[in-house]
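*Asks:* My file is run.cif. It has mmCIF, C-alpha atoms and all ligand atoms:
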```cif
data_my_file
loop_
_atom_site.group_PDB
_atom_site.id
_atom_site.type_symbol
_atom_site.label_atom_id
_atom_site.label_comp_id
_atom_site.auth_asym_id
_atom_site.auth_seq_id
_atom_site.Cartn_x
_atom_site.Cartn_y
_atom_site.Cartn_z
ATOM 1 C CA MET A 1331 -27.131 -84.834 22.216
ATOM 2 C CA LYS A 1332 -27.137 -83.179 25.609
ATOM 3 C CA ILE A 1333 -29.606 -80.761 27.197
ATOM 4 C CA ALA A 1334 -28.088 -77.669 28.829
ATOM 5 C CA PHE A 1335 -29.336 -76.011 32.000
ATOM 6 C CA PHE A 1336 -28.068 -72.542 32.718
ATOM 7 C CA ASP A 1337 -28.334 -70.345 35.823
ATOM 8 C CA SER A 1338 -26.406 -67.483 37.406
ATOM 9 C CA GLY A 1339 -25.503 -69.955 40.133
ATOM 10 C CA LEU A 1340 -26.775 -73.041 41.910
ATOM 11 C CA GLY A 1341 -30.496 -72.177 42.015
ATOM 12 C CA GLY A 1342 -31.021 -73.791 38.624
ATOM 13 C CA LEU A 1343 -30.193 -77.157 40.176
ATOM 14 C CA SER A 1344 -33.823 -77.153 41.355
ATOM 15 C CA VAL A 1345 -34.983 -77.301 37.727
ATOM 16 C CA LEU A 1346 -32.308 -79.817 36.733
ATOM 17 C CA HIS A 1347 -33.418 -81.969 39.670
ATOM 18 C CA GLU A 1348 -36.986 -81.969 38.354
ATOM 19 C CA ALA A 1349 -35.786 -82.716 34.804
ATOM 20 C CA ARG A 1350 -33.699 -85.711 35.876
ATOM 21 C CA LEU A 1351 -36.774 -87.273 37.470
ATOM 22 C CA ALA A 1352 -38.919 -86.680 34.377
ATOM 23 C CA LEU A 1353 -36.218 -87.561 31.810
ATOM 24 C CA PRO A 1354 -34.184 -90.424 33.298
ATOM 25 C CA GLY A 1355 -32.540 -91.341 29.975
ATOM 26 C CA GLU A 1356 -31.089 -87.944 29.042
ATOM 27 C CA GLN A 1357 -27.625 -86.426 29.340
ATOM 28 C CA PHE A 1358 -27.365 -82.972 30.859
ATOM 29 C CA ILE A 1359 -24.935 -80.087 31.126
ATOM 30 C CA PHE A 1360 -25.387 -77.765 34.089
ATOM 31 C CA TYR A 1361 -23.744 -74.355 33.713
ATOM 32 C CA ALA A 1362 -23.612 -72.127 36.814
ATOM 33 C CA ASP A 1363 -22.131 -68.690 36.195
ATOM 34 C CA GLU A 1364 -20.307 -68.759 39.531
ATOM 35 C CA ASP A 1365 -17.942 -65.951 38.440
ATOM 36 C CA HIS A 1366 -20.835 -63.498 38.148
ATOM 37 C CA VAL A 1367 -23.545 -64.620 40.579
ATOM 38 C CA PRO A 1368 -25.712 -62.854 41.759
ATOM 39 C CA TYR A 1369 -27.367 -61.465 38.645
ATOM 40 C CA GLY A 1370 -30.445 -60.035 40.330
ATOM 41 C CA THR A 1371 -28.724 -57.007 41.828
ATOM 42 C CA LYS A 1372 -26.600 -56.126 38.750
ATOM 43 C CA THR A 1373 -27.553 -53.982 35.760
ATOM 44 C CA ARG A 1374 -29.539 -55.398 32.860
ATOM 45 C CA ALA A 1375 -26.623 -54.653 30.498
ATOM 46 C CA GLU A 1376 -24.199 -56.600 32.691
ATOM 47 C CA VAL A 1377 -26.530 -59.602 32.846
ATOM 48 C CA GLN A 1378 -27.079 -59.488 29.078
ATOM 49 C CA GLY A 1379 -23.305 -59.780 28.620
ATOM 50 C CA PHE A 1380 -22.998 -62.726 31.049
ATOM 51 C CA VAL A 1381 -25.868 -64.597 29.406
ATOM 52 C CA ALA A 1382 -24.414 -64.063 25.920
ATOM 53 C CA GLN A 1383 -21.074 -65.498 27.115
ATOM 54 C CA ALA A 1384 -22.756 -68.549 28.639
ATOM 55 C CA PHE A 1385 -24.778 -69.174 25.479
ATOM 56 C CA ASP A 1386 -21.655 -68.958 23.289
ATOM 57 C CA PHE A 1387 -20.142 -71.691 25.410
ATOM 58 C CA LEU A 1388 -23.239 -73.915 25.529
ATOM 59 C CA VAL A 1389 -24.057 -73.670 21.840
ATOM 60 C CA ALA A 1390 -20.442 -74.681 21.090
ATOM 61 C CA GLN A 1391 -21.101 -77.909 23.092
ATOM 62 C CA ASP A 1392 -23.678 -78.801 20.425
ATOM 63 C CA VAL A 1393 -26.579 -79.161 22.881
ATOM 64 C CA LYS A 1394 -30.096 -79.922 21.612
ATOM 65 C CA ALA A 1395 -31.840 -77.410 23.921
ATOM 66 C CA ILE A 1396 -31.002 -74.795 26.537
ATOM 67 C CA VAL A 1397 -33.138 -74.347 29.631
ATOM 68 C CA VAL A 1398 -32.613 -70.933 31.176
ATOM 69 C CA ALA A 1399 -33.193 -72.098 34.744
ATOM 70 C CA CYS A 1400 -33.071 -68.507 35.924
ATOM 71 C CA ASN A 1401 -36.003 -66.084 36.018
ATOM 72 C CA THR A 1402 -33.628 -63.108 36.016
ATOM 73 C CA ALA A 1403 -31.704 -64.152 32.893
ATOM 74 C CA THR A 1404 -35.011 -64.994 31.189
ATOM 75 C CA SER A 1405 -36.398 -61.566 32.010
ATOM 76 C CA VAL A 1406 -33.345 -59.769 30.627
ATOM 77 C CA ALA A 1407 -32.008 -61.855 27.771
ATOM 78 C CA VAL A 1408 -34.134 -64.755 26.556
ATOM 79 C CA ALA A 1409 -35.749 -62.840 23.696
ATOM 80 C CA GLU A 1410 -32.339 -61.846 22.316
ATOM 81 C CA MET A 1411 -30.993 -65.407 22.657
ATOM 82 C CA ARG A 1412 -34.002 -66.860 20.792
ATOM 83 C CA HIS A 1413 -33.370 -64.339 18.057
ATOM 84 C CA ARG A 1414 -29.723 -65.394 17.857
ATOM 85 C CA TYR A 1415 -30.022 -69.215 18.014
ATOM 86 C CA SER A 1416 -32.411 -71.684 16.421
ATOM 87 C CA ILE A 1417 -32.295 -74.484 19.033
ATOM 88 C CA PRO A 1418 -35.146 -74.633 21.583
ATOM 89 C CA ILE A 1419 -34.558 -72.164 24.421
ATOM 90 C CA ILE A 1420 -36.887 -72.677 27.374
ATOM 91 C CA GLY A 1421 -37.104 -69.764 29.789
ATOM 92 C CA MET A 1422 -38.679 -69.297 33.206
ATOM 93 C CA GLU A 1423 -41.096 -66.698 34.468
ATOM 94 C CA PRO A 1424 -42.502 -66.418 38.006
ATOM 95 C CA ALA A 1425 -45.542 -68.737 38.019
ATOM 96 C CA ALA A 1426 -48.036 -65.972 38.855
ATOM 97 C CA LYS A 1427 -50.689 -67.320 36.488
ATOM 98 C CA ARG A 1428 -50.557 -70.785 38.010
ATOM 99 C CA ALA A 1429 -50.868 -69.310 41.498
ATOM 100 C CA LEU A 1430 -53.901 -67.217 40.514
ATOM 101 C CA ASP A 1431 -55.507 -70.161 38.709
ATOM 102 C CA LEU A 1432 -55.264 -72.299 41.865
ATOM 103 C CA ASP A 1433 -57.430 -69.935 43.887
ATOM 104 C CA GLY A 1434 -58.494 -66.718 42.151
ATOM 105 C CA GLU A 1435 -59.860 -65.051 45.293
ATOM 106 C CA HIS A 1436 -57.026 -64.573 47.735
ATOM 107 C CA ARG A 1437 -53.850 -62.589 47.297
ATOM 108 C CA VAL A 1438 -50.653 -63.977 45.764
ATOM 109 C CA LEU A 1439 -47.150 -62.945 46.835
ATOM 110 C CA VAL A 1440 -44.636 -63.202 43.998
ATOM 111 C CA THR A 1441 -41.044 -63.293 45.258
ATOM 112 C CA ALA A 1442 -38.133 -62.824 42.837
ATOM 113 C CA THR A 1443 -34.869 -60.910 42.380
ATOM 114 C CA PRO A 1444 -34.872 -57.091 42.058
ATOM 115 C CA ILE A 1445 -34.200 -57.267 38.278
ATOM 116 C CA THR A 1446 -37.142 -59.629 37.735
ATOM 117 C CA VAL A 1447 -39.446 -57.567 39.965
ATOM 118 C CA LYS A 1448 -38.579 -54.317 38.147
ATOM 119 C CA GLY A 1449 -38.537 -55.859 34.661
ATOM 120 C CA ASN A 1450 -41.026 -55.188 31.921
ATOM 121 C CA LYS A 1451 -41.539 -58.910 31.267
ATOM 122 C CA LEU A 1452 -43.076 -59.511 34.703
ATOM 123 C CA LYS A 1453 -45.024 -56.244 34.513
ATOM 124 C CA LEU A 1454 -46.635 -57.389 31.257
ATOM 125 C CA LEU A 1455 -47.367 -60.853 32.630
ATOM 126 C CA ILE A 1456 -49.061 -59.425 35.742
ATOM 127 C CA GLU A 1457 -51.092 -56.967 33.652
ATOM 128 C CA HIS A 1458 -52.254 -59.905 31.561
ATOM 129 C CA VAL A 1459 -53.127 -62.417 34.284
ATOM 130 C CA ASP A 1460 -53.936 -60.320 37.376
ATOM 131 C CA LYS A 1461 -57.249 -58.743 36.380
ATOM 132 C CA ASP A 1462 -58.418 -58.434 40.027
ATOM 133 C CA HIS A 1463 -55.153 -56.904 41.314
ATOM 134 C CA LEU A 1464 -54.392 -59.713 43.716
ATOM 135 C CA VAL A 1465 -50.631 -59.912 43.144
ATOM 136 C CA ASP A 1466 -47.950 -58.293 45.304
ATOM 137 C CA LEU A 1467 -44.260 -58.354 44.377
ATOM 138 C CA LEU A 1468 -41.448 -58.872 46.884
ATOM 139 C CA PRO A 1469 -37.730 -58.880 45.972
ATOM 140 C CA LEU A 1470 -35.599 -61.172 48.173
ATOM 141 C CA PRO A 1471 -32.029 -60.674 46.867
ATOM 142 C CA GLN A 1472 -30.320 -61.817 50.052
ATOM 143 C CA LEU A 1473 -31.620 -65.370 49.617
ATOM 144 C CA VAL A 1474 -29.414 -65.795 46.532
ATOM 145 C CA GLU A 1475 -26.345 -64.973 48.603
ATOM 146 C CA PHE A 1476 -27.385 -67.277 51.446
ATOM 147 C CA ALA A 1477 -27.920 -70.098 48.928
ATOM 148 C CA GLU A 1478 -24.570 -69.572 47.227
ATOM 149 C CA ARG A 1479 -22.724 -69.829 50.533
ATOM 150 C CA GLN A 1480 -24.736 -72.935 51.447
ATOM 151 C CA GLU A 1481 -26.380 -71.172 54.383
ATOM 152 C CA PHE A 1482 -29.818 -72.724 54.050
ATOM 153 C CA LYS A 1483 -31.115 -72.730 57.577
ATOM 154 C CA SER A 1484 -29.846 -70.251 60.153
ATOM 155 C CA GLN A 1485 -31.050 -67.525 62.456
ATOM 156 C CA ALA A 1486 -29.946 -64.968 59.841
ATOM 157 C CA VAL A 1487 -32.096 -66.617 57.136
ATOM 158 C CA TYR A 1488 -35.055 -66.753 59.524
ATOM 159 C CA ASP A 1489 -34.672 -63.118 60.585
ATOM 160 C CA TYR A 1490 -34.274 -61.903 56.995
ATOM 161 C CA LEU A 1491 -37.430 -63.679 55.847
ATOM 162 C CA ALA A 1492 -39.425 -62.748 58.956
ATOM 163 C CA LYS A 1493 -38.602 -59.067 58.392
ATOM 164 C CA ALA A 1494 -39.393 -59.230 54.655
ATOM 165 C CA LEU A 1495 -42.775 -60.905 55.255
ATOM 166 C CA ALA A 1496 -43.773 -58.754 58.275
ATOM 167 C CA PRO A 1497 -45.609 -56.032 56.254
ATOM 168 C CA TYR A 1498 -48.021 -58.578 54.700
ATOM 169 C CA GLU A 1499 -51.296 -59.746 56.228
ATOM 170 C CA LEU A 1500 -50.558 -63.376 55.385
ATOM 171 C CA SER A 1501 -54.027 -64.678 56.239
ATOM 172 C CA GLU A 1502 -55.213 -62.910 53.051
ATOM 173 C CA TYR A 1503 -52.841 -64.903 50.796
ATOM 174 C CA SER A 1504 -53.303 -68.282 49.167
ATOM 175 C CA ALA A 1505 -49.875 -68.639 47.533
ATOM 176 C CA LEU A 1506 -46.264 -67.578 47.585
ATOM 177 C CA VAL A 1507 -44.596 -67.826 44.190
ATOM 178 C CA LEU A 1508 -40.928 -68.834 44.233
ATOM 179 C CA GLY A 1509 -39.954 -66.605 41.305
ATOM 180 C CA CYS A 1510 -36.222 -67.236 41.557
ATOM 181 C CA THR A 1511 -34.762 -70.706 41.329
ATOM 182 C CA HIS A 1512 -32.498 -70.033 44.314
ATOM 183 C CA PHE A 1513 -35.528 -69.627 46.595
ATOM 184 C CA ASN A 1514 -36.436 -73.330 46.530
ATOM 185 C CA TYR A 1515 -33.698 -74.009 49.104
ATOM 186 C CA PHE A 1516 -35.573 -72.064 51.780
ATOM 187 C CA LYS A 1517 -38.961 -73.745 51.776
ATOM 188 C CA ASP A 1518 -38.500 -75.135 55.302
ATOM 189 C CA THR A 1519 -37.913 -71.706 56.883
ATOM 190 C CA LEU A 1520 -40.632 -70.142 54.734
ATOM 191 C CA ARG A 1521 -43.027 -72.910 55.830
ATOM 192 C CA GLU A 1522 -42.340 -72.031 59.469
ATOM 193 C CA LEU A 1523 -43.178 -68.380 58.782
ATOM 194 C CA LEU A 1524 -46.205 -68.806 56.520
ATOM 195 C CA PRO A 1525 -49.662 -69.769 57.767
ATOM 196 C CA PRO A 1526 -51.027 -73.080 56.372
ATOM 197 C CA ASN A 1527 -53.380 -71.224 53.984
ATOM 198 C CA VAL A 1528 -50.348 -70.147 51.905
ATOM 199 C CA SER A 1529 -49.020 -72.753 49.466
ATOM 200 C CA PHE A 1530 -45.851 -72.674 47.401
ATOM 201 C CA VAL A 1531 -45.927 -72.339 43.639
ATOM 202 C CA ASP A 1532 -42.840 -72.594 41.432
ATOM 203 C CA GLY A 1533 -42.262 -72.902 37.708
ATOM 204 C CA ASN A 1534 -40.019 -75.971 37.758
ATOM 205 C CA ALA A 1535 -42.474 -78.659 36.677
ATOM 206 C CA GLY A 1536 -43.992 -76.373 34.007
ATOM 207 C CA THR A 1537 -40.552 -75.610 32.592
ATOM 208 C CA VAL A 1538 -39.672 -79.294 32.376
ATOM 209 C CA ARG A 1539 -43.024 -80.060 30.711
ATOM 210 C CA GLU A 1540 -42.268 -77.385 28.102
ATOM 211 C CA LEU A 1541 -38.790 -78.849 27.542
ATOM 212 C CA ILE A 1542 -40.280 -82.308 26.978
ATOM 213 C CA ARG A 1543 -42.929 -80.895 24.648
ATOM 214 C CA GLN A 1544 -40.353 -79.124 22.489
ATOM 215 C CA LEU A 1545 -38.044 -82.151 22.296
ATOM 216 C CA GLU A 1546 -40.967 -84.458 21.532
ATOM 217 C CA VAL A 1547 -42.088 -82.273 18.618
ATOM 218 C CA ARG A 1548 -38.569 -82.559 17.188
ATOM 219 C CA GLY A 1549 -38.332 -86.312 17.873
ATOM 220 C CA GLN A 1550 -35.295 -85.602 20.067
ATOM 221 C CA LEU A 1551 -36.145 -87.405 23.309
ATOM 222 C CA GLU A 1552 -33.523 -90.038 24.155
ATOM 223 C CA GLN A 1553 -33.315 -93.154 26.341
ATOM 224 C CA GLY A 1554 -29.636 -93.493 27.125
ATOM 225 C CA GLU A 1555 -27.245 -93.651 30.054
ATOM 226 C CA PRO A 1556 -27.994 -90.584 32.234
ATOM 227 C CA THR A 1557 -25.130 -88.189 32.964
ATOM 228 C CA VAL A 1558 -24.634 -84.621 34.206
ATOM 229 C CA ASP A 1559 -21.544 -82.539 33.381
ATOM 230 C CA TYR A 1560 -21.148 -79.514 35.634
ATOM 231 C CA TYR A 1561 -19.452 -76.272 34.608
ATOM 232 C CA TYR A 1562 -18.714 -73.109 36.552
ATOM 233 C CA SER A 1563 -18.623 -70.221 34.053
ATOM 234 C CA GLY A 1564 -17.284 -72.572 31.369
ATOM 235 C CA ARG A 1565 -14.785 -74.464 33.548
ATOM 236 C CA PRO A 1566 -15.554 -78.161 34.067
ATOM 237 C CA VAL A 1567 -16.184 -79.101 37.686
ATOM 238 C CA THR A 1568 -14.154 -82.251 38.308
ATOM 239 C CA GLU A 1569 -12.816 -81.913 41.854
ATOM 240 C CA ALA A 1570 -14.344 -84.478 44.228
ATOM 241 C CA LYS A 1571 -14.836 -81.840 46.943
ATOM 242 C CA GLU A 1572 -16.817 -79.558 44.626
ATOM 243 C CA LEU A 1573 -18.866 -82.429 43.215
ATOM 244 C CA SER A 1574 -19.808 -83.503 46.718
ATOM 245 C CA ARG A 1575 -20.836 -79.902 47.488
ATOM 246 C CA LEU A 1576 -23.151 -80.015 44.456
ATOM 247 C CA HIS A 1577 -24.484 -83.331 45.699
ATOM 248 C CA ALA A 1578 -25.362 -81.684 49.037
ATOM 249 C CA TYR A 1579 -27.374 -79.027 47.158
ATOM 250 C CA LEU A 1580 -29.271 -81.729 45.269
ATOM 251 C CA GLU A 1581 -29.957 -83.648 48.469
ATOM 252 C CA ARG A 1582 -31.386 -80.523 50.045
ATOM 253 C CA LEU A 1583 -33.597 -79.982 46.993
ATOM 254 C CA ASP A 1584 -34.860 -83.518 47.388
ATOM 255 C CA ARG A 1585 -36.001 -82.655 50.923
ATOM 256 C CA MET A 1586 -37.433 -79.274 49.889
ATOM 257 C CA ARG A 1587 -39.436 -80.908 47.114
ATOM 258 C CA ARG A 1588 -41.503 -82.757 49.730
ATOM 259 C CA ILE A 1589 -42.535 -79.512 51.541
HETATM 260 N N1 LIG B 1 -31.607 -67.988 40.104
HETATM 261 C C1 LIG B 1 -31.914 -66.772 39.508
HETATM 262 C C2 LIG B 1 -33.388 -66.574 39.213
HETATM 263 O O1 LIG B 1 -34.112 -67.525 39.034
HETATM 264 C C3 LIG B 1 -31.173 -65.506 39.823
HETATM 265 C C4 LIG B 1 -30.403 -65.340 41.068
HETATM 266 C C5 LIG B 1 -29.406 -64.204 40.981
HETATM 267 O O2 LIG B 1 -28.342 -64.458 40.413
HETATM 268 O O3 LIG B 1 -29.689 -63.102 41.466
HETATM 269 O O4 LIG B 1 -33.857 -65.481 39.118
#
```
Represent the supplied structure as structure tokens.
*Replies:*
Amino acid sequence: MKIAFFDSGLGGLSVLHEARLALPGEQFIFYADEDHVPYGTKTRAEVQGFVAQAFDFLVAQDVKAIVVACNTATSVAVAEMRHRYSIPIIGMEPAAKRALDLDGEHRVLVTATPITVKGNKLKLLIEHVDKDHLVDLLPLPQLVEFAERQEFKSQAVYDYLAKALAPYELSEYSALVLGCTHFNYFKDTLRELLPPNVSFVDGNAGTVRELIRQLEVRGQLEQGEPTVDYYYSGRPVTEAKELSRLHAYLERLDRMRRI
């Protein structure tokens, strides 16, 4: 049986990329909701509808687990999806706890989409883990649009990030949390802007560990011929040009992983 990865768009490839390294004998489905991306600037009700549609499709493919490789969709809809379906559903939350655990003294900047930043789920998480009030939240919605149009490194990306980070005294920070899977594509520009005392923290490895744990418990890990089937909002991606575009995203993630 296959494992499904779902995101509003192509950010979730960063989690799939991690999963393929950790699970080289599994078959994957990657579902990008390209008809509706971005989610982070829409209403919660709209996103709930998109996620429900994607889940209907993925559950009909008889997958053994669904990874919601999207912090925004997790924030808005994962509880409802777990209520509706009995297969393992692994969500993602900005890795604020991990960032605080790494240092515990300096400030932590959690970046995410506007929906995630405003959502109750993140508010509750921060209340729980940030006892010393070290966390600041910064929405970066424009990065999702840059990523979707494959504009990873440009003057516009640099200027957008420089302006967004300008109000922060970055020498006081130990970590920047990539709380949206689309943000992984911009680690090179972020690295140029951040002082060396600030490290990156994302939830990708933790999400994959949780996926493995849940499949292991069920005795559902497999050692077969690895494959990935790509879908855009339920339509199979078969065109060579589009597949090579996806390949370029994965190659970039490979480079970003080393930063
Ligand atoms: N990749 C998504 C996340 O992790 C959301 C991006 C969007 O559609 O706004 O939050």
*Asks:* Neighbours of Glu1552 of chain A within 10 Å (all atoms listed in the file; same-chain residues fewer than 5 positions away dropped), as number ranges by chain?
*Replies:* A: 1331-1332, 1353-1357, 1545-1546
*Asks:* State, in Å with one decimal place, the distance from atom CA of Ala1407 of chain A to atom CA of Lys1451 of chain A.
*Replies:* 10.6 Å
*Asks:* Could you check which of A:Ala1384, A:Pro1418, A:Ala1429, A:Lys1493 is closest to Val1547 of chain A, using all atoms listed in the file?
*Replies:* A:Pro1418
*Asks:* Have a look at A:Gly1509, A:Gly1370, A:Gly1564, A:Gly1449 and name the one nearest to Phe1530 of chain A; count only C-alpha atoms.
*Replies:*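 Among the listed residues, the smallest separation from Phe1530 of chain A belongs to A:Gly1509.
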*Asks:* Please identify all polymer residues within 10 Å of Leu1524 of chain A, counting all atoms listed in the file, omitting same-chain residues fewer than 6 positions from it, and present them as a VMD selection string.
*Replies:* chain A and resid 1492 1495 1500 to 1501 1503 1505 to 1506 1517 1530
